[in-house]
>>> print(open('coords_4.cif').read())   # mmCIF, C-alpha atoms and all ligand atoms
data_work
#
loop_
_atom_site.label_atom_id
_atom_site.label_comp_id
_atom_site.auth_asym_id
_atom_site.auth_seq_id
_atom_site.Cartn_x
_atom_site.Cartn_y
_atom_site.Cartn_z
CA MET M 105 -68.71 -275.32 88.98
CA LYS M 106 -66.90 -272.60 90.87
CA ASN M 107 -68.47 -269.36 92.12
CA GLY M 108 -71.35 -269.78 89.70
CA GLN M 109 -68.99 -269.50 86.71
CA ALA M 110 -68.54 -272.17 84.08
CA LYS M 111 -65.16 -273.70 84.83
CA ILE M 112 -64.82 -274.98 81.28
CA ASP M 113 -64.82 -272.48 78.43
CA TYR M 114 -66.71 -274.50 75.85
CA ASN M 115 -65.73 -272.07 73.10
CA GLU M 116 -62.32 -273.71 73.21
CA PHE M 117 -63.72 -277.18 72.67
CA VAL M 118 -66.72 -276.72 70.41
CA LYS M 119 -65.96 -274.83 67.22
CA GLU M 120 -68.39 -274.14 64.40
CA ASP M 121 -67.06 -277.02 62.29
CA ARG M 122 -65.37 -279.35 64.79
CA VAL M 123 -65.61 -280.65 68.33
CA HIS M 124 -62.92 -281.78 70.77
CA GLY M 125 -62.98 -285.48 71.68
CA SER M 126 -62.98 -284.78 75.41
CA MET M 127 -66.57 -283.56 75.13
CA TYR M 128 -67.54 -287.24 74.79
CA THR M 129 -65.18 -288.66 77.43
CA ASP M 130 -64.67 -286.15 80.26
CA SER M 131 -66.69 -287.06 83.35
CA ASP M 132 -66.82 -283.41 84.53
CA VAL M 133 -68.42 -282.48 81.21
CA TYR M 134 -70.86 -285.35 81.65
CA GLN M 135 -71.87 -284.16 85.13
CA GLU M 136 -72.41 -280.68 83.78
CA GLU M 137 -74.56 -282.12 80.97
CA LEU M 138 -76.75 -283.79 83.57
CA ASP M 139 -77.03 -280.57 85.59
CA LYS M 140 -77.66 -278.16 82.75
CA ILE M 141 -79.24 -280.16 79.94
CA PHE M 142 -81.12 -283.02 81.59
CA HIS M 143 -81.86 -281.74 85.11
CA ARG M 144 -82.87 -278.24 84.08
CA GLY M 145 -84.23 -278.08 80.52
CA TRP M 146 -87.24 -279.78 78.94
CA VAL M 147 -86.78 -283.54 78.59
CA TYR M 148 -89.14 -286.02 76.89
CA VAL M 149 -90.67 -288.37 79.46
CA GLY M 150 -93.35 -290.50 77.78
CA HIS M 151 -96.53 -290.58 75.73
CA ALA M 152 -100.03 -290.07 77.11
CA SER M 153 -101.32 -293.18 75.32
CA GLU M 154 -99.06 -295.31 77.53
CA ILE M 155 -101.24 -294.45 80.54
CA PRO M 156 -104.82 -294.21 79.18
CA ASN M 157 -106.72 -295.15 82.38
CA PRO M 158 -106.76 -293.79 85.95
CA GLY M 159 -104.01 -295.53 87.91
CA ASP M 160 -101.91 -296.42 84.85
CA PHE M 161 -98.26 -295.60 85.42
CA ARG M 162 -94.83 -296.02 83.91
CA VAL M 163 -91.52 -295.46 85.66
CA THR M 164 -88.97 -293.53 83.65
CA THR M 165 -86.14 -291.06 84.22
CA ILE M 166 -85.36 -287.42 83.68
CA GLY M 167 -81.61 -287.56 83.18
CA THR M 168 -80.58 -289.95 85.92
CA GLN M 169 -83.49 -289.16 88.28
CA SER M 170 -86.28 -291.70 88.62
CA VAL M 171 -89.76 -290.39 87.84
CA ILE M 172 -93.23 -291.95 87.85
CA MET M 173 -95.51 -290.88 84.99
CA VAL M 174 -99.02 -291.68 86.24
CA ARG M 175 -102.64 -290.87 85.46
CA ASP M 176 -104.38 -290.08 88.73
CA GLU M 177 -107.96 -290.89 89.72
CA SER M 178 -109.21 -287.61 88.25
CA GLY M 179 -107.64 -288.42 84.87
CA GLN M 180 -104.77 -285.91 85.19
CA VAL M 181 -101.26 -286.90 84.17
CA GLN M 182 -98.80 -286.46 87.04
CA LEU M 183 -95.01 -286.60 86.98
CA LEU M 184 -93.91 -287.65 90.47
CA MET M 185 -90.39 -288.10 91.78
CA ASN M 186 -89.92 -291.79 92.57
CA ARG M 187 -88.65 -291.04 96.04
CA CYS M 188 -90.32 -291.60 99.39
CA THR M 189 -90.41 -288.33 101.34
CA HIS M 190 -89.52 -290.26 104.50
CA ARG M 191 -86.02 -291.59 103.83
CA ALA M 192 -85.78 -291.58 100.06
CA ASN M 193 -86.61 -295.15 99.08
CA ALA M 194 -87.86 -295.53 95.53
CA VAL M 195 -91.56 -296.22 96.06
CA CYS M 196 -92.18 -297.90 92.71
CA GLN M 197 -90.11 -300.86 91.51
CA VAL M 198 -91.93 -302.05 88.41
CA GLU M 199 -91.69 -300.47 85.00
CA ARG M 200 -95.40 -300.12 84.35
CA GLY M 201 -98.76 -301.13 85.75
CA ASN M 202 -101.94 -299.81 87.35
CA THR M 203 -102.38 -298.85 90.98
CA LYS M 204 -104.33 -296.59 93.29
CA ILE M 205 -101.53 -296.60 95.85
CA PHE M 206 -97.75 -296.53 95.84
CA ARG M 207 -96.52 -298.19 99.03
CA CYS M 208 -92.97 -297.65 100.18
CA ALA M 209 -91.48 -301.00 101.14
CA TYR M 210 -89.10 -299.61 103.77
CA HIS M 211 -91.46 -298.35 106.53
CA GLY M 212 -94.79 -298.74 104.82
CA TRP M 213 -95.83 -295.17 104.00
CA THR M 214 -98.50 -295.08 101.30
CA TYR M 215 -99.19 -292.48 98.60
CA ARG M 216 -102.24 -291.95 96.38
CA ASN M 217 -101.64 -292.00 92.64
CA ASN M 218 -101.73 -288.19 92.58
CA GLY M 219 -98.78 -288.20 94.99
CA ASP M 220 -100.67 -287.26 98.17
CA LEU M 221 -99.43 -289.00 101.30
CA GLN M 222 -102.26 -291.27 102.42
CA GLY M 223 -100.96 -293.28 105.33
CA VAL M 224 -98.07 -293.19 107.79
CA THR M 225 -97.43 -296.33 109.79
CA TYR M 226 -97.46 -295.81 113.60
CA HIS M 227 -98.33 -292.19 112.99
CA ASP M 228 -98.56 -291.37 116.72
CA ARG M 229 -94.78 -291.22 117.32
CA TYR M 230 -94.38 -288.20 115.04
CA GLY M 231 -96.31 -285.82 117.26
CA GLU M 232 -98.66 -283.02 116.33
CA TRP M 233 -96.21 -281.07 114.16
CA PHE M 234 -96.44 -283.69 111.42
CA ARG M 235 -98.79 -282.72 108.61
CA LYS M 236 -99.40 -285.29 105.90
CA GLU M 237 -99.94 -282.58 103.31
CA ASP M 238 -96.27 -281.59 103.68
CA PHE M 239 -95.02 -285.04 102.72
CA GLY M 240 -96.64 -285.97 99.40
CA LEU M 241 -94.41 -287.35 96.67
CA ARG M 242 -92.64 -284.38 95.12
CA LYS M 243 -93.82 -283.40 91.67
CA VAL M 244 -91.52 -282.71 88.74
CA PRO M 245 -91.56 -278.89 88.91
CA ARG M 246 -92.85 -278.38 85.37
CA MET M 247 -94.74 -280.61 82.98
CA GLY M 248 -95.93 -279.91 79.45
CA MET M 249 -97.67 -281.91 76.76
CA HIS M 250 -97.99 -281.50 73.01
CA ARG M 251 -100.15 -283.91 70.98
CA GLY M 252 -99.68 -286.60 73.62
CA PHE M 253 -95.89 -286.16 73.95
CA ILE M 254 -95.15 -285.47 77.63
CA PHE M 255 -92.13 -283.45 78.68
CA GLY M 256 -90.84 -282.55 82.13
CA SER M 257 -88.40 -280.01 83.51
CA LEU M 258 -86.76 -280.33 86.91
CA SER M 259 -86.34 -276.56 87.00
CA PRO M 260 -89.30 -274.46 88.24
CA VAL M 261 -88.24 -271.61 85.94
CA GLY M 262 -87.18 -271.31 82.31
CA ILE M 263 -88.69 -271.05 78.85
CA THR M 264 -92.05 -272.71 78.27
CA LEU M 265 -92.36 -276.03 76.44
CA ASP M 266 -94.02 -274.12 73.63
CA GLU M 267 -90.96 -271.87 73.30
CA HIS M 268 -88.61 -274.83 73.58
CA LEU M 269 -90.30 -276.76 70.76
CA GLY M 270 -91.05 -273.87 68.42
CA GLN M 271 -93.35 -273.89 65.41
CA PRO M 272 -91.15 -275.98 63.02
CA VAL M 273 -90.97 -278.87 65.50
CA LYS M 274 -94.70 -278.71 66.16
CA GLU M 275 -95.31 -278.94 62.41
CA GLN M 276 -93.18 -282.10 62.27
CA LEU M 277 -95.02 -283.59 65.24
CA ASP M 278 -98.27 -282.89 63.40
CA LEU M 279 -96.98 -284.78 60.34
CA PHE M 280 -96.05 -287.75 62.55
CA VAL M 281 -99.31 -287.84 64.54
CA ASP M 282 -101.69 -286.95 61.71
CA LEU M 283 -100.74 -290.13 59.86
CA SER M 284 -103.54 -291.35 62.11
CA PRO M 285 -106.97 -290.47 60.64
CA GLU M 286 -108.06 -289.90 64.25
CA GLY M 287 -105.03 -287.71 64.94
CA GLU M 288 -103.86 -289.96 67.75
CA LEU M 289 -101.03 -292.41 68.33
CA ASP M 290 -101.05 -295.59 70.37
CA VAL M 291 -97.60 -296.12 71.87
CA THR M 292 -98.32 -299.43 73.57
CA ALA M 293 -97.08 -301.95 71.01
CA GLY M 294 -93.98 -302.74 73.05
CA THR M 295 -90.43 -301.54 73.59
CA HIS M 296 -87.07 -302.38 72.09
CA LYS M 297 -84.34 -301.71 74.64
CA TYR M 298 -80.65 -301.67 73.99
CA GLY M 299 -77.51 -300.28 75.53
CA TYR M 300 -74.00 -299.55 74.35
CA ARG M 301 -70.66 -298.70 75.92
CA ALA M 302 -70.12 -295.22 74.53
CA ASN M 303 -71.30 -291.65 75.08
CA TRP M 304 -74.99 -290.74 74.67
CA LYS M 305 -74.28 -288.08 72.05
CA PHE M 306 -73.15 -290.67 69.53
CA GLN M 307 -76.70 -291.99 69.28
CA VAL M 308 -78.01 -288.43 69.01
CA GLU M 309 -75.62 -287.50 66.19
CA ASN M 310 -76.07 -290.79 64.38
CA SER M 311 -79.86 -290.54 64.44
CA MET M 312 -79.61 -287.35 62.38
CA ASP M 313 -76.69 -288.39 60.15
CA GLY M 314 -77.56 -288.66 56.45
CA TYR M 315 -73.92 -289.33 55.51
CA HIS M 316 -73.48 -292.78 57.08
CA PRO M 317 -76.40 -294.97 55.82
CA ASN M 318 -74.87 -295.95 52.48
CA PHE M 319 -71.80 -297.29 54.26
CA VAL M 320 -72.92 -298.60 57.65
CA HIS M 321 -76.17 -300.02 56.22
CA GLN M 322 -74.82 -301.13 52.85
CA THR M 323 -75.79 -304.78 53.44
CA PHE M 324 -79.35 -303.87 54.35
CA PHE M 325 -79.76 -301.66 51.29
CA THR M 326 -78.27 -304.33 49.01
CA ASN M 327 -80.77 -306.87 50.32
CA ILE M 328 -83.66 -304.46 49.74
CA GLN M 329 -82.48 -303.86 46.20
CA HIS M 330 -82.28 -307.60 45.48
CA ARG M 331 -85.76 -308.16 46.90
CA THR M 332 -87.65 -305.15 45.54
CA GLY M 333 -85.45 -303.38 43.02
CA ALA M 334 -85.57 -300.16 45.09
CA LYS M 335 -82.20 -298.43 45.24
CA LEU M 336 -82.35 -296.71 48.62
CA THR M 337 -78.74 -295.57 48.37
CA ASN M 338 -79.89 -292.85 45.96
CA LEU M 339 -81.74 -291.20 48.85
CA PHE M 340 -78.47 -290.74 50.77
CA ALA M 341 -76.14 -290.01 47.85
CA SER M 342 -74.37 -286.69 47.45
CA GLY M 343 -76.62 -285.85 44.48
CA SER M 344 -79.84 -286.53 46.40
CA THR M 345 -82.36 -283.70 46.73
CA SER M 346 -83.18 -284.75 50.31
CA LEU M 347 -82.12 -282.31 53.00
CA THR M 348 -80.70 -281.75 56.45
CA ARG M 349 -82.72 -279.12 58.30
CA ASP M 350 -82.06 -276.99 61.41
CA LEU M 351 -85.37 -276.31 63.20
CA GLY M 352 -83.85 -274.14 65.96
CA ASN M 353 -83.04 -274.77 69.65
CA GLY M 354 -80.94 -277.84 68.77
CA HIS M 355 -83.88 -279.57 67.08
CA VAL M 356 -82.95 -280.95 63.65
CA MET M 357 -84.23 -283.33 61.00
CA LEU M 358 -83.48 -285.27 57.85
CA ASP M 359 -86.07 -284.14 55.32
CA TYR M 360 -86.86 -286.66 52.59
CA ARG M 361 -89.83 -284.79 51.17
CA PRO M 362 -88.07 -283.24 48.13
CA TYR M 363 -86.69 -286.64 47.14
CA ASN M 364 -90.02 -288.38 47.69
CA ARG M 365 -91.84 -285.86 45.50
CA GLU M 366 -89.21 -286.01 42.78
CA HIS M 367 -89.11 -289.81 42.64
CA GLY M 368 -92.79 -290.59 43.06
CA ARG M 369 -92.16 -292.23 46.44
CA ARG M 370 -95.54 -290.91 47.43
CA MET M 371 -97.27 -293.14 49.89
CA GLN M 372 -100.72 -292.23 48.60
CA GLU M 373 -99.85 -293.86 45.27
CA LEU M 374 -98.52 -297.00 46.92
CA LEU M 375 -101.24 -297.34 49.51
CA PRO M 376 -104.02 -298.85 47.36
CA THR M 377 -101.70 -301.74 46.48
CA ARG M 378 -101.16 -302.63 50.15
CA PRO M 379 -103.40 -304.56 52.56
CA GLY M 380 -105.89 -302.16 54.13
CA GLY M 381 -104.30 -299.32 52.17
CA GLN M 382 -107.33 -298.12 50.23
CA ALA M 383 -109.48 -297.88 53.39
CA TYR M 384 -106.63 -295.99 55.10
CA LEU M 385 -106.27 -293.57 52.19
CA ASP M 386 -110.03 -292.96 52.14
CA ALA M 387 -110.01 -292.25 55.90
CA MET M 388 -107.10 -289.82 55.53
CA ILE M 389 -108.82 -287.87 52.76
CA ALA M 390 -112.07 -287.81 54.75
CA ARG M 391 -110.26 -286.44 57.78
CA HIS M 392 -107.78 -284.02 56.24
CA GLY M 393 -108.94 -283.31 52.69
CA ALA M 394 -107.01 -284.51 49.63
CA ALA M 395 -104.26 -281.85 49.66
CA ARG M 396 -103.32 -282.17 53.34
CA ALA M 397 -103.60 -285.96 53.18
CA GLU M 398 -101.11 -285.94 50.32
CA GLU M 399 -98.77 -283.66 52.27
CA ILE M 400 -98.88 -285.93 55.33
CA LEU M 401 -98.48 -289.14 53.37
CA THR M 402 -95.66 -287.79 51.23
CA ALA M 403 -93.73 -286.91 54.40
CA GLY M 404 -94.53 -290.43 55.63
CA GLY M 405 -93.87 -289.43 59.22
CA THR M 406 -90.73 -287.51 60.01
CA HIS M 407 -87.06 -288.02 60.85
CA LEU M 408 -86.70 -285.63 63.76
CA PHE M 409 -84.56 -284.98 66.84
CA ILE M 410 -86.03 -282.97 69.71
CA PHE M 411 -83.19 -281.77 71.91
CA PRO M 412 -81.92 -283.44 74.06
CA ASN M 413 -83.35 -286.97 74.18
CA LEU M 414 -86.20 -287.71 71.75
CA VAL M 415 -85.95 -288.98 68.17
CA LEU M 416 -88.83 -289.79 65.82
CA ILE M 417 -87.84 -291.99 62.88
CA GLY M 418 -90.13 -293.97 60.62
CA VAL M 419 -92.79 -295.31 62.95
CA HIS M 420 -90.94 -295.18 66.26
CA LEU M 421 -90.18 -292.88 69.18
CA ARG M 422 -86.57 -293.26 70.34
CA VAL M 423 -85.55 -292.14 73.81
CA ILE M 424 -81.86 -291.72 74.63
CA ARG M 425 -80.85 -292.06 78.27
CA PRO M 426 -77.34 -291.28 79.48
CA VAL M 427 -76.19 -293.69 82.20
CA THR M 428 -72.54 -292.74 82.64
CA VAL M 429 -70.13 -290.77 80.48
CA ASP M 430 -69.50 -293.92 78.42
CA GLN M 431 -72.72 -295.91 78.87
CA THR M 432 -76.06 -295.24 77.25
CA GLU M 433 -79.48 -296.88 77.16
CA VAL M 434 -81.88 -296.45 74.27
CA PHE M 435 -85.58 -297.25 74.17
CA LEU M 436 -87.58 -297.63 70.95
CA TYR M 437 -91.37 -297.37 71.09
CA PRO M 438 -93.13 -298.18 67.80
CA ALA M 439 -96.22 -296.00 67.42
CA LEU M 440 -99.45 -297.50 66.11
CA LEU M 441 -101.99 -295.30 64.35
CA LYS M 442 -105.49 -295.05 65.76
CA GLY M 443 -108.30 -295.39 63.22
CA VAL M 444 -106.51 -297.50 60.58
CA PRO M 445 -107.10 -301.10 59.44
CA ALA M 446 -105.14 -303.64 61.51
CA GLU M 447 -103.07 -304.60 58.46
CA VAL M 448 -101.67 -301.06 58.27
CA ASN M 449 -100.39 -301.16 61.83
CA ALA M 450 -99.07 -304.70 61.34
CA SER M 451 -97.16 -303.49 58.31
CA ARG M 452 -95.70 -300.59 60.33
CA LEU M 453 -94.46 -303.00 62.99
CA ARG M 454 -92.97 -305.50 60.52
CA GLY M 455 -91.15 -302.71 58.70
CA HIS M 456 -89.84 -301.35 61.98
CA GLU M 457 -88.59 -304.74 63.11
CA SER M 458 -86.80 -305.41 59.84
CA PHE M 459 -84.39 -302.53 60.43
CA TYR M 460 -84.52 -301.65 64.14
CA GLY M 461 -85.49 -304.94 65.80
CA PRO M 462 -83.01 -307.18 67.68
CA ALA M 463 -82.77 -309.38 64.58
CA GLY M 464 -83.14 -306.43 62.22
CA GLY M 465 -80.68 -305.54 59.54
CA GLY M 466 -79.78 -301.98 60.47
CA ALA M 467 -79.71 -300.54 63.97
CA THR M 468 -77.22 -303.05 65.36
CA ASP M 469 -74.66 -301.82 62.83
CA ASP M 470 -74.95 -298.30 64.25
CA LEU M 471 -74.23 -299.59 67.77
CA GLU M 472 -70.98 -301.07 66.53
CA MET M 473 -70.02 -297.62 65.20
CA PHE M 474 -70.56 -295.99 68.61
CA GLU M 475 -68.24 -298.40 70.41
CA ARG M 476 -65.59 -298.00 67.69
CA ASN M 477 -65.96 -294.23 68.14
CA GLN M 478 -65.26 -294.58 71.83
CA ILE M 479 -62.10 -296.62 71.07
CA GLY M 480 -60.95 -293.99 68.58
CA LEU M 481 -61.42 -291.25 71.18
CA SER M 482 -58.71 -292.78 73.35
CA ALA M 483 -56.20 -291.51 70.78
CA ARG M 484 -55.51 -287.85 71.61
CA VAL M 485 -52.67 -287.07 69.19
CA ASP M 486 -55.20 -285.09 67.16
CA PRO M 487 -58.29 -284.86 69.36
CA TRP M 488 -60.72 -283.13 66.99
CA LEU M 489 -63.79 -284.63 65.31
CA VAL M 490 -64.54 -282.83 62.04
CA LEU M 491 -68.12 -281.70 61.33
CA ALA M 492 -67.28 -279.52 58.31
CA ARG M 493 -69.24 -281.30 55.59
CA GLY M 494 -71.38 -278.66 53.84
CA PHE M 495 -70.09 -275.95 56.21
CA ARG M 496 -70.94 -272.44 54.96
CA GLN M 497 -73.10 -273.95 52.22
CA GLU M 498 -76.25 -273.84 54.37
CA ARG M 499 -79.14 -271.73 53.10
CA PRO M 500 -82.29 -270.34 54.68
CA ASP M 501 -85.56 -271.94 53.57
CA VAL M 502 -88.79 -270.00 53.05
CA ASP M 503 -90.08 -270.92 56.52
CA GLY M 504 -86.98 -269.52 58.25
CA THR M 505 -85.38 -272.89 58.97
CA VAL M 506 -81.90 -273.57 57.58
CA VAL M 507 -81.19 -276.41 55.17
CA GLY M 508 -78.25 -278.29 53.71
CA GLN M 509 -77.83 -281.37 51.54
CA ILE M 510 -78.73 -284.72 53.12
CA THR M 511 -75.09 -285.77 53.58
CA ASP M 512 -74.07 -282.45 55.16
CA GLU M 513 -73.13 -282.29 58.82
CA LEU M 514 -75.49 -279.33 59.32
CA THR M 515 -77.53 -281.39 61.78
CA GLN M 516 -74.53 -282.24 63.97
CA ARG M 517 -73.31 -278.64 63.92
CA SER M 518 -76.76 -277.38 64.94
CA ILE M 519 -76.99 -279.84 67.84
CA TRP M 520 -73.54 -278.84 69.09
CA ARG M 521 -74.37 -275.13 68.80
CA GLN M 522 -77.33 -275.60 71.14
CA TRP M 523 -75.29 -277.90 73.38
CA LYS M 524 -72.63 -275.19 73.79
CA LYS M 525 -75.23 -272.51 74.44
CA VAL M 526 -76.84 -274.53 77.23
CA MET M 527 -73.53 -275.72 78.69
CA SER M 528 -72.20 -272.14 78.78
CA GLN M 529 -75.05 -270.90 80.97
CA ASP M 530 -74.33 -270.10 84.60
CA GLY M 531 -74.29 -273.13 86.82
CA ASP M 532 -76.32 -273.99 89.87
CA THR M 533 -74.85 -276.68 92.05
CA ALA M 534 -78.06 -276.79 94.10
CA ALA M 535 -79.70 -278.36 91.06
CA ARG M 536 -77.42 -281.37 91.46
CA ARG M 537 -77.65 -281.71 95.24
CA GLY M 538 -81.23 -280.55 95.70
CA LYS M 539 -82.04 -277.42 97.66
CA PRO M 540 -82.50 -277.80 101.42
CA ARG M 541 -86.20 -278.37 102.04
CA GLN M 542 -88.07 -276.03 104.35
CA LEU M 543 -90.34 -278.10 106.54
CA ALA M 544 -93.31 -276.23 107.95
CA ALA M 545 -92.48 -276.97 111.54
CA THR M 546 -90.54 -280.04 112.50
CA ALA M 547 -89.96 -281.11 116.09
CA VAL M 548 -86.37 -279.97 115.72
CA GLY M 549 -87.33 -276.69 114.04
CA ARG M 550 -89.59 -275.69 116.93
CA GLY M 551 -86.95 -276.32 119.60
S1 LIG R 601 -88.28 -294.66 103.38
FE1 LIG R 601 -90.31 -294.83 102.71
S2 LIG R 601 -91.42 -295.29 104.49
FE2 LIG R 601 -89.38 -295.01 105.19
FE FE R 602 -77.76 -295.83 60.97
#
>>> encode(input="coords_4.cif", output="structure tokens", more="lines below")
Ligand code: FES
Ligand SMILES: [Fe+2]
Amino acid sequence: MKNGQAKIDYNEFVKEDRVHGSMYTDSDVYQEELDKIFHRGWVYVGHASEIPNPGDFRVTTIGTQSVIMVRDESGQVQLLMNRCTHRANAVCQVERGNTKIFRCAYHGWTYRNNGDLQGVTYHDRYGEWFRKEDFGLRKVPRMGMHRGFIFGSLSPVGITLDEHLGQPVKEQLDLFVDLSPEGELDVTAGTHKYGYRANWKFQVENSMDGYHPNFVHQTFFTNIQHRTGAKLTNLFASGSTSLTRDLGNGHVMLDYRPYNREHGRRMQELLPTRPGGQAYLDAMIARHGAARAEEILTAGGTHLFIFPNLVLIGVHLRVIRPVTVDQTEVFLYPALLKGVPAEVNASRLRGHESFYGPAGGGATDDLEMFERNQIGLSARVDPWLVLARGFRQERPDVDGTVVGQITDELTQRSIWRQWKKVMSQDGDTAARRGKPRQLAATAVGRG
């Protein structure tokens, strides 16, 4: 950044129907993504069900900054920077657990699980100017929660989480969460973790790509067809009635509902034939009424991307974490449903594992595509990636969202449009370095 102006004119590199390859490979672009997308906007952090009891915590990141998501003694969720206010040691080293106190290993300062500084070793040598209340763990400036999904923003100002999500996304979150007759998820079943040597945006684009499944996942679909007779390739064919949908603000989805209705893939009809299914269906109707239960079960969850780092597909939450310009980590958290027979949750997990697990038949194929993408990007003779499928064939839906056919690249174009909008905002280098902190009255400051 120079003089507060964007040094890269992203209009030159991100067109309506194509994107320049350097947007995936340029380390200056990557740094600006961290500053403007991850270290300023709303970023998904974790789910409230992961920390149900006072003292429960999980260490995570916002962009590349380490954060502790913790439930304090009063039951409040806190997002604390994992950084000792003495000399910046990370105070928490384990991924998750339960504690009343975070103790910094370097010089032994201790913090309560709400971030307050509790104890300073050999306190007397600081003198009277030192006030413990000035040195609590710093909080993530803004935190918001919707239906248990916790988001943080490292910027103290900006649009609210409510504005960021918007009504269409909240409706999709409802469809995902209300598969539970109690309206609550349990995101503690475990985590699949994987990494790949390519840019983070490949996983984002791929997660919302209805064009690739019939080719990348051909073997998986062929096996399903042999076993069950179901021809899943029809769902992702060019004649399919399923849709790509732009929900605004870079949030997009693959919408299978029209196809499911047309082809009788309605879960409420299948449920009674499955273990625990009838009791589940009865509980859903008791909770929601028959019409809404049918709506929720026909959607069967969602297939949703919440800009910039959260994906909901099938039964799982997928969190995408950029590590470097060409390294990415991905975390999959299968969500169990509260209030359903155990067989229903077991079935969700087994289905998840069959495609997304380490020995599953699907997700590993996508990873191979990302690394091949990164190889292809080294060729700059023609540096453009084409996102023109279905371009100018989009149409507005009755709810104001914009839809295309399932194989259209509407979803990728919508993500890039938001990406360019955010990346073209004025910069703030202080966001990267951290603003100088004003101490109330240090020994030096009083001199
Ligand atoms: S860095 Fe934490 S106590 Fe010194
Ligand atoms: Fe895939």
>>> closest_residue(input="coords_4.cif", among="M:Arg422, M:Arg187, M:His151, M:Arg175", to="ligand LIG 601 (chain R)", atoms="all atoms listed in the file")
M:Arg187
>>> closest_residue(input="coords_4.cif", among="M:Asn310, M:Thr225, M:Thr203, M:Asn303", to="ligand LIG 601 (chain R)", atoms="all atoms listed in the file")
M:Thr225
>>> closest_atom_pairs(input="coords_4.cif", of="chain M", to="ligand LIG 601 (chain R)", cutoff="7 Å", atoms="only C-alpha atoms and all ligand atoms", output="tab-separated table")
residue	atom	partner	partner_atom	distance
M:Cys188	CA	R:LIG601	FE1	4.6
M:Thr189	CA	R:LIG601	FE1	6.6
M:His190	CA	R:LIG601	S1	4.7
M:Arg191	CA	R:LIG601	S1	3.8
M:Ala192	CA	R:LIG601	S1	5.2
M:Asn193	CA	R:LIG601	S1	4.6
M:Val195	CA	R:LIG601	FE1	6.9
M:Cys208	CA	R:LIG601	FE1	4.6
M:Ala209	CA	R:LIG601	FE1	6.5
M:Tyr210	CA	R:LIG601	FE2	4.8
M:His211	CA	R:LIG601	S2	3.7
M:Gly212	CA	R:LIG601	S2	4.8
M:Trp213	CA	R:LIG601	S2	4.4
>>> closest_residue(input="coords_4.cif", among="M:Met473, M:Ile519, M:Leu414, M:Leu401", to="ligand FE 602 (chain R)", atoms="only C-alpha atoms and all ligand atoms")
M:Met473
>>> closest_residue(input="coords_4.cif", among="M:Ser257, M:Asp282, M:Glu232, M:Asp530", to="His143 in chain M", atoms="all atoms listed in the file")
M:Ser257
>>> residues_near_point(input="coords_4.cif", point="(-68.9, -294.7, 76.8)", cutoff="8 Å", atoms="only C-alpha atoms", output="PyMOL selection string")
chain M and resi 128-129+300-304+428-432+475+478
